[in-house]
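As stored in start_19.pdb (PDB, C-alpha atoms and all ligand atoms):
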```pdb
MODEL        1
ATOM      1  CA  MET T   1      -9.331  19.335   5.784
ATOM      2  CA  LEU T   2     -10.424  18.290   9.257
ATOM      3  CA  ASN T   3      -8.625  15.256  10.684
ATOM      4  CA  ILE T   4      -9.485  14.250  14.223
ATOM      5  CA  VAL T   5      -8.074  11.561  16.466
ATOM      6  CA  ILE T   6     -10.703  10.490  18.996
ATOM      7  CA  PHE T   7      -8.880   8.818  21.840
ATOM      8  CA  GLY T   8      -9.568   7.094  25.142
ATOM      9  CA  PRO T   9      -9.772   3.751  26.905
ATOM     10  CA  PRO T  10     -12.151   0.945  25.897
ATOM     11  CA  GLY T  11     -15.715   2.017  26.656
ATOM     12  CA  SER T  12     -14.918   5.730  26.820
ATOM     13  CA  GLY T  13     -17.353   6.476  23.970
ATOM     14  CA  LYS T  14     -15.064   6.827  20.938
ATOM     15  CA  GLY T  15     -17.379   4.900  18.612
ATOM     16  CA  THR T  16     -20.547   6.558  19.906
ATOM     17  CA  GLN T  17     -19.144  10.066  19.477
ATOM     18  CA  SER T  18     -17.560   9.242  16.099
ATOM     19  CA  GLU T  19     -20.974   8.326  14.687
ATOM     20  CA  LYS T  20     -22.277  11.795  15.550
ATOM     21  CA  LEU T  21     -19.118  13.618  14.464
ATOM     22  CA  ILE T  22     -19.000  12.085  10.973
ATOM     23  CA  LYS T  23     -22.517  13.372  10.326
ATOM     24  CA  LYS T  24     -21.954  16.869  11.658
ATOM     25  CA  TYR T  25     -18.562  17.460  10.016
ATOM     26  CA  ASN T  26     -18.882  15.208   6.948
ATOM     27  CA  LEU T  27     -15.943  12.990   7.878
ATOM     28  CA  ILE T  28     -14.910   9.453   6.981
ATOM     29  CA  HIS T  29     -14.955   7.177  10.040
ATOM     30  CA  LEU T  30     -11.699   5.230  10.196
ATOM     31  CA  SER T  31     -12.201   2.757  13.046
ATOM     32  CA  THR T  32      -9.496   0.093  13.119
ATOM     33  CA  GLY T  33     -11.647  -1.972  15.525
ATOM     34  CA  ASP T  34     -14.572  -1.959  13.043
ATOM     35  CA  ILE T  35     -12.297  -2.905  10.130
ATOM     36  CA  LEU T  36     -10.891  -5.809  12.153
ATOM     37  CA  ARG T  37     -14.343  -7.016  13.313
ATOM     38  CA  ASN T  38     -15.498  -6.897   9.697
ATOM     39  CA  ALA T  39     -12.481  -8.991   8.652
ATOM     40  CA  ILE T  40     -13.250 -11.495  11.433
ATOM     41  CA  ALA T  41     -16.883 -11.764  10.298
ATOM     42  CA  LYS T  42     -15.707 -12.455   6.734
ATOM     43  CA  LYS T  43     -13.063 -14.917   7.971
ATOM     44  CA  THR T  44     -10.338 -13.260   5.882
ATOM     45  CA  PRO T  45      -6.682 -14.125   6.633
ATOM     46  CA  LEU T  46      -6.386 -10.759   8.442
ATOM     47  CA  GLY T  47      -9.513 -11.545  10.478
ATOM     48  CA  ILE T  48      -8.358 -15.032  11.409
ATOM     49  CA  MET T  49      -4.999 -13.668  12.586
ATOM     50  CA  ALA T  50      -6.529 -10.647  14.418
ATOM     51  CA  LYS T  51      -9.142 -12.714  16.282
ATOM     52  CA  GLU T  52      -6.416 -14.408  18.312
ATOM     53  CA  TYR T  53      -5.306 -11.050  19.704
ATOM     54  CA  MET T  54      -8.710  -9.395  20.022
ATOM     55  CA  ASP T  55     -10.319 -12.273  21.896
ATOM     56  CA  LYS T  56      -7.672 -11.827  24.593
ATOM     57  CA  GLY T  57      -7.901  -8.031  24.616
ATOM     58  CA  GLU T  58      -4.371  -7.673  23.217
ATOM     59  CA  LEU T  59      -3.280  -5.308  20.437
ATOM     60  CA  VAL T  60      -3.040  -6.570  16.861
ATOM     61  CA  PRO T  61       0.545  -6.113  15.486
ATOM     62  CA  ASP T  62       1.328  -2.597  14.256
ATOM     63  CA  LYS T  63       2.289  -3.672  10.728
ATOM     64  CA  ASP T  64      -1.136  -5.213  10.053
ATOM     65  CA  VAL T  65      -3.078  -2.297  11.479
ATOM     66  CA  ILE T  66      -0.933   0.211   9.600
ATOM     67  CA  GLN T  67      -1.646  -1.517   6.274
ATOM     68  CA  MET T  68      -5.386  -1.295   6.973
ATOM     69  CA  VAL T  69      -5.084   2.431   7.545
ATOM     70  CA  ILE T  70      -3.150   2.927   4.293
ATOM     71  CA  ASN T  71      -5.866   1.028   2.399
ATOM     72  CA  LYS T  72      -8.653   3.113   3.903
ATOM     73  CA  LEU T  73      -6.900   6.444   3.258
ATOM     74  CA  ASP T  74      -6.275   5.403  -0.367
ATOM     75  CA  LYS T  75      -9.890   4.355  -0.793
ATOM     76  CA  TYR T  76     -11.162   7.758   0.363
ATOM     77  CA  GLU T  77      -8.587  10.002  -1.306
ATOM     78  CA  GLY T  78     -10.244  13.415  -1.746
ATOM     79  CA  ALA T  79     -12.372  13.088   1.403
ATOM     80  CA  THR T  80     -13.069  16.284   3.365
ATOM     81  CA  GLY T  81     -11.588  14.717   6.476
ATOM     82  CA  PHE T  82     -11.193  11.662   8.671
ATOM     83  CA  ILE T  83     -11.955  10.701  12.220
ATOM     84  CA  PHE T  84      -9.424   8.207  13.511
ATOM     85  CA  ASP T  85     -11.110   6.020  16.146
ATOM     86  CA  GLY T  86      -8.987   3.451  17.959
ATOM     87  CA  PHE T  87      -5.901   4.477  15.995
ATOM     88  CA  PRO T  88      -3.131   5.335  16.771
ATOM     89  CA  ARG T  89      -2.771   3.017  19.762
ATOM     90  CA  THR T  90       1.015   2.960  20.092
ATOM     91  CA  ASN T  91       3.669   5.644  19.655
ATOM     92  CA  ASN T  92       4.893   3.731  16.616
ATOM     93  CA  GLN T  93       1.418   4.020  15.045
ATOM     94  CA  ALA T  94       1.269   7.729  15.931
ATOM     95  CA  GLU T  95       4.635   8.391  14.270
ATOM     96  CA  PHE T  96       3.577   6.381  11.237
ATOM     97  CA  LEU T  97       0.292   8.293  10.908
ATOM     98  CA  LYS T  98       2.098  11.604  11.085
ATOM     99  CA  ASN T  99       4.441  10.601   8.239
ATOM    100  CA  LEU T 100       1.705   9.023   6.149
ATOM    101  CA  LEU T 101      -0.414  12.177   6.328
ATOM    102  CA  LYS T 102       2.629  14.373   5.641
ATOM    103  CA  GLU T 103       3.224  12.507   2.368
ATOM    104  CA  ARG T 104      -0.295  13.579   1.399
ATOM    105  CA  ASN T 105       0.221  17.177   2.588
ATOM    106  CA  ILE T 106      -2.283  16.803   5.391
ATOM    107  CA  GLU T 107      -2.053  16.611   9.176
ATOM    108  CA  ILE T 108      -4.026  15.830  12.309
ATOM    109  CA  THR T 109      -6.031  18.899  13.295
ATOM    110  CA  VAL T 110      -6.619  17.900  16.912
ATOM    111  CA  MET T 111      -6.516  14.832  19.161
ATOM    112  CA  ILE T 112      -9.362  14.641  21.667
ATOM    113  CA  THR T 113      -9.186  12.293  24.658
ATOM    114  CA  LEU T 114     -12.344  11.177  26.443
ATOM    115  CA  ASP T 115     -11.647  11.027  30.190
ATOM    116  CA  VAL T 116     -13.671   8.279  31.864
ATOM    117  CA  ASN T 117     -12.867   6.531  35.140
ATOM    118  CA  HIS T 118     -12.244   2.793  35.449
ATOM    119  CA  ASP T 119     -15.538   1.911  37.208
ATOM    120  CA  GLU T 120     -17.624   3.674  34.567
ATOM    121  CA  LEU T 121     -15.696   1.920  31.733
ATOM    122  CA  LEU T 122     -16.330  -1.429  33.356
ATOM    123  CA  LYS T 123     -20.017  -0.645  33.888
ATOM    124  CA  ARG T 124     -20.521   0.431  30.254
ATOM    125  CA  LEU T 125     -18.749  -2.593  28.768
ATOM    126  CA  ILE T 126     -20.514  -5.086  31.038
ATOM    127  CA  ASN T 127     -23.831  -3.471  30.031
ATOM    128  CA  ARG T 128     -22.914  -3.699  26.355
ATOM    129  CA  SER T 129     -22.024  -7.387  26.734
ATOM    130  CA  LYS T 130     -25.686  -8.060  27.559
ATOM    131  CA  GLU T 131     -26.850  -6.483  24.295
ATOM    132  CA  THR T 132     -24.182  -7.387  21.708
ATOM    133  CA  ASP T 133     -21.953 -10.355  21.020
ATOM    134  CA  ARG T 134     -18.565  -8.680  20.938
ATOM    135  CA  SER T 135     -16.188 -11.431  22.001
ATOM    136  CA  ASP T 136     -13.921  -9.023  23.896
ATOM    137  CA  ASP T 137     -16.820  -7.818  26.113
ATOM    138  CA  LYS T 138     -17.833 -11.317  27.177
ATOM    139  CA  ASP T 139     -15.622 -11.769  30.191
ATOM    140  CA  VAL T 140     -14.727  -9.215  32.881
ATOM    141  CA  SER T 141     -11.119 -10.441  32.887
ATOM    142  CA  ILE T 142     -10.825  -9.665  29.135
ATOM    143  CA  ILE T 143     -12.362  -6.216  29.669
ATOM    144  CA  GLU T 144      -9.883  -5.611  32.511
ATOM    145  CA  ASN T 145      -7.041  -6.730  30.251
ATOM    146  CA  ARG T 146      -8.122  -4.265  27.533
ATOM    147  CA  ILE T 147      -8.084  -1.440  30.073
ATOM    148  CA  ASN T 148      -4.709  -2.623  31.327
ATOM    149  CA  VAL T 149      -3.311  -2.781  27.768
ATOM    150  CA  TYR T 150      -4.612   0.756  27.219
ATOM    151  CA  ASN T 151      -2.809   2.002  30.351
ATOM    152  CA  LYS T 152       0.444   0.207  29.539
ATOM    153  CA  GLN T 153       0.737   0.477  25.750
ATOM    154  CA  THR T 154      -1.647   3.167  24.526
ATOM    155  CA  ALA T 155      -1.969   5.984  27.079
ATOM    156  CA  SER T 156       1.544   7.239  26.228
ATOM    157  CA  VAL T 157       0.211   8.336  22.810
ATOM    158  CA  ILE T 158      -1.145  11.328  24.769
ATOM    159  CA  GLU T 159       2.455  12.492  25.287
ATOM    160  CA  PHE T 160       3.080  12.244  21.534
ATOM    161  CA  TYR T 161       0.205  14.626  20.774
ATOM    162  CA  LYS T 162       1.089  16.926  23.676
ATOM    163  CA  LYS T 163       4.510  17.422  22.046
ATOM    164  CA  GLU T 164       2.746  18.152  18.749
ATOM    165  CA  ASN T 165       0.519  20.732  20.525
ATOM    166  CA  LYS T 166      -2.564  18.868  19.350
ATOM    167  CA  TYR T 167      -3.759  17.297  22.593
ATOM    168  CA  GLN T 168      -7.146  18.207  24.076
ATOM    169  CA  SER T 169      -9.286  16.323  26.585
ATOM    170  CA  VAL T 170     -12.941  16.350  27.556
ATOM    171  CA  ASP T 171     -14.857  14.978  30.502
ATOM    172  CA  GLY T 172     -16.324  11.769  29.059
ATOM    173  CA  ILE T 173     -18.947  11.383  31.792
ATOM    174  CA  GLY T 174     -22.449  12.681  31.132
ATOM    175  CA  THR T 175     -25.052  12.126  28.464
ATOM    176  CA  VAL T 176     -23.927  11.345  24.916
ATOM    177  CA  ASP T 177     -25.238  14.759  23.786
ATOM    178  CA  GLU T 178     -23.455  16.649  26.574
ATOM    179  CA  ILE T 179     -20.159  15.030  25.656
ATOM    180  CA  PHE T 180     -20.775  15.641  21.952
ATOM    181  CA  GLU T 181     -21.264  19.348  22.683
ATOM    182  CA  ARG T 182     -17.949  19.466  24.607
ATOM    183  CA  ILE T 183     -16.149  17.823  21.676
ATOM    184  CA  CYS T 184     -17.744  20.115  19.074
ATOM    185  CA  LYS T 185     -16.638  23.199  21.020
ATOM    186  CA  ILE T 186     -13.033  22.045  20.732
ATOM    187  CA  ILE T 187     -13.327  21.130  17.049
ATOM    188  CA  ASP T 188     -14.971  24.447  16.167
ATOM    189  CA  LYS T 189     -12.043  26.288  17.769
ATOM    190  CA  HIS T 190      -9.530  24.311  15.717
ATOM    191  CA  LYS T 191     -11.090  24.081  12.280
TER     192      LYS T 191
HETATM  193  P1  LIG P 201     -11.819  -1.028  19.349
HETATM  194  O1  LIG P 201     -12.910  -1.450  18.487
HETATM  195  O2  LIG P 201     -11.100   0.226  19.038
HETATM  196  O3  LIG P 201     -12.414  -1.045  20.794
HETATM  197  P2  LIG P 201     -12.053  -0.340  22.196
HETATM  198  O4  LIG P 201     -10.971   0.655  22.172
HETATM  199  O5  LIG P 201     -11.901  -1.471  23.134
HETATM  200  O6  LIG P 201     -13.290   0.507  22.425
HETATM  201  P3  LIG P 201     -14.800   0.173  22.502
HETATM  202  O7  LIG P 201     -15.377   0.007  21.146
HETATM  203  O8  LIG P 201     -15.056  -0.925  23.480
HETATM  204  O9  LIG P 201     -15.292   1.480  23.205
HETATM  205  P4  LIG P 201     -15.468   2.965  22.669
HETATM  206  O10 LIG P 201     -14.509   3.873  23.342
HETATM  207  O11 LIG P 201     -15.564   3.016  21.181
HETATM  208  O12 LIG P 201     -16.883   3.241  23.308
HETATM  209  P5  LIG P 201     -18.335   3.033  22.672
HETATM  210  O13 LIG P 201     -18.765   4.259  22.015
HETATM  211  O14 LIG P 201     -18.339   1.754  21.902
HETATM  212  O15 LIG P 201     -10.703  -2.168  19.447
HETATM  213  C1  LIG P 201     -11.030  -3.511  19.688
HETATM  214  C2  LIG P 201      -9.769  -4.371  19.583
HETATM  215  O16 LIG P 201      -9.275  -4.323  18.241
HETATM  216  C3  LIG P 201      -8.578  -3.947  20.443
HETATM  217  O17 LIG P 201      -8.665  -4.497  21.750
HETATM  218  C4  LIG P 201      -7.415  -4.544  19.649
HETATM  219  O18 LIG P 201      -7.318  -5.937  19.859
HETATM  220  C5  LIG P 201      -7.849  -4.325  18.211
HETATM  221  N1  LIG P 201      -7.400  -3.016  17.674
HETATM  222  C6  LIG P 201      -8.205  -1.981  17.265
HETATM  223  N2  LIG P 201      -7.450  -0.949  16.851
HETATM  224  C7  LIG P 201      -6.161  -1.327  16.989
HETATM  225  C8  LIG P 201      -4.926  -0.662  16.771
HETATM  226  N3  LIG P 201      -4.892   0.613  16.315
HETATM  227  N4  LIG P 201      -3.788  -1.342  17.035
HETATM  228  C9  LIG P 201      -3.806  -2.620  17.494
HETATM  229  N5  LIG P 201      -4.941  -3.299  17.752
HETATM  230  C10 LIG P 201      -6.118  -2.658  17.507
HETATM  231  O19 LIG P 201     -19.192   2.877  24.007
HETATM  232  C11 LIG P 201     -19.070   1.748  24.836
HETATM  233  C12 LIG P 201     -20.446   1.487  25.490
HETATM  234  O20 LIG P 201     -20.782   2.590  26.331
HETATM  235  C13 LIG P 201     -21.590   1.365  24.471
HETATM  236  O21 LIG P 201     -22.499   0.402  24.916
HETATM  237  C14 LIG P 201     -22.234   2.767  24.473
HETATM  238  O22 LIG P 201     -23.584   2.728  24.140
HETATM  239  C15 LIG P 201     -21.999   3.196  25.904
HETATM  240  N6  LIG P 201     -21.844   4.654  26.053
HETATM  241  C16 LIG P 201     -21.226   5.502  25.184
HETATM  242  N7  LIG P 201     -21.264   6.758  25.654
HETATM  243  C17 LIG P 201     -21.898   6.698  26.849
HETATM  244  C18 LIG P 201     -22.245   7.694  27.824
HETATM  245  N8  LIG P 201     -21.937   8.978  27.648
HETATM  246  N9  LIG P 201     -22.882   7.288  28.948
HETATM  247  C19 LIG P 201     -23.195   5.960  29.135
HETATM  248  N10 LIG P 201     -22.904   4.986  28.231
HETATM  249  C20 LIG P 201     -22.260   5.354  27.110
ENDMDL
END
```

Hey, can you dump this file as structure tokens for me?
Ligand code: AP5
Amino acid sequence: MLNIVIFGPPGSGKGTQSEKLIKKYNLIHLSTGDILRNAIAKKTPLGIMAKEYMDKGELVPDKDVIQMVINKLDKYEGATGFIFDGFPRTNNQAEFLKNLLKERNIEITVMITLDVNHDELLKRLINRSKETDRSDDKDVSIIENRINVYNKQTASVIEFYKKENKYQSVDGIGTVDEIFERICKIIDKHK
């Protein structure tokens, strides 16, 4: 089984690369951001609660996100593998994921971080705000807060995976295909 964590700050290309990776490696895309946006669109209790956090660029509480992940793993029991996009985002989530997978006799194969500098992140997300209606792209101060939250609450997850000997990083600047090739090289070495 191939289980990949695709990691990086907002706008680093996690979603874009995940779309290509699920096709090439036949994986289930587990994007906590997509699940939450779907819940917001459907106005479910989870969506109504999560919107308050997401609109400000803050993290949704661990317990709610963790339950979503359990549901998705249960739904796709027997899958050939998962790509975790936007999860884990705290050390608590990383520890939880490790234990949850262990119960199922599986583990993360590799965690791949996309390295992209602050100015490029800002440029990409401001560009996207002109084409889509994601509420957390609308305002530069919210985008800046998301990057700040990443640096303060999420970046330390890298240390977790370094200790597990699963951490890898790629240069996240270049064309989508160039970056995809860099990621595939790492995956092919680990699978
Ligand atoms: P989430 O949906 O995970 O969003 P994010 O981390 O802010 O990331 P983005 O989707 O903005 O960027 P990305 O890295 O996927 O890049 P993308 O490929 O889209 O989370 C949203 C919110 O949900 C969080 O703020 C939080 O509130 C909540 N949440 C989610 N998970 C949570 C969790 N685990 N715990 C707690 N809360 C959680 O690309 C961005 C743009 O750049 C696109 O327009 C794309 O076309 C473009 N682009 C991509 N690659 C390139 C390239 N190589 N060159 C130029 N442009 C590129």

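For the choices T:Ile142, T:Gln168, T:Asn3, T:Leu125, the atom-to-atom distance to Leu97 of chain T is smallest for T:Asn3 when using only C-alpha atoms.
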
Inset, instruction - Pick out the residues no farther than 6 Å from ligand LIG 201 (chain P), counting only C-alpha atoms and all ligand atoms, and list them as a PyMOL selection string. - result: chain T and resi 9-16+32-34+53-54+57-62+65+86-89+124-125+128+146+173-176

Inset, instruction - Mind checking which residues fall within 8 Å of Phe84 of chain T, counting all atoms listed in the file, ignoring those fewer than 6 positions away in the same chain, and posting them as a ChimeraX atom specification? - result: /T:3-6,29-31

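Of the residues under consideration (T:Glu164, T:Pro45, T:Ile28, T:Lys138), T:Ile28 shows the shortest atom-to-atom contact distance to Thr80 of chain T when counting all atoms listed in the file.
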
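Comparing T:Lys23, T:Gly8, T:Ile186, T:Asp133 by their smallest distance to Ala41 of chain T, the closest is T:Asp133 (using only C-alpha atoms).
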
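Interatomic distance, atom CA of Gln67 of chain T to atom CA of Met111 of chain T: 21.4 Å.
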
Inset, instruction - Between atom CA of Ile183 of chain T and atom CA of Lys130 of chain T, measure the distance and give it in Å to one decimal. - result: 28.2 Å

Legend entry - Pick from T:Glu107, T:Ala50, T:Ser141, T:Phe160 nearest to Glu95 of chain T, counting all atoms listed in the file: T:Phe160

Legend entry - Distance query 9 Å from (-3.0, 4.9, 23.2) using all atoms listed in the file, result as a PyMOL selection string: chain T and resi 7-9+86-91+94+149-158

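Evaluated against this file, the PyMOL selection byres (((chain T and resi 184) around 12) and not hetatm) yields Ile4, Ile6, Gln17, Ser18, Lys20, Leu21, Ile22, Lys24, Tyr25, Val110, Ile112, Gln168, Ser169, Val170, Asp177, Glu178, Ile179, Phe180, Glu181, Arg182, Ile183, Lys185, Ile186, Ile187, Asp188, Lys189, His190 and Lys191 of chain T.
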
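Across the structure, atom CA of Arg104 of chain T and atom CA of Ala39 of chain T are spaced 26.7 Å apart.
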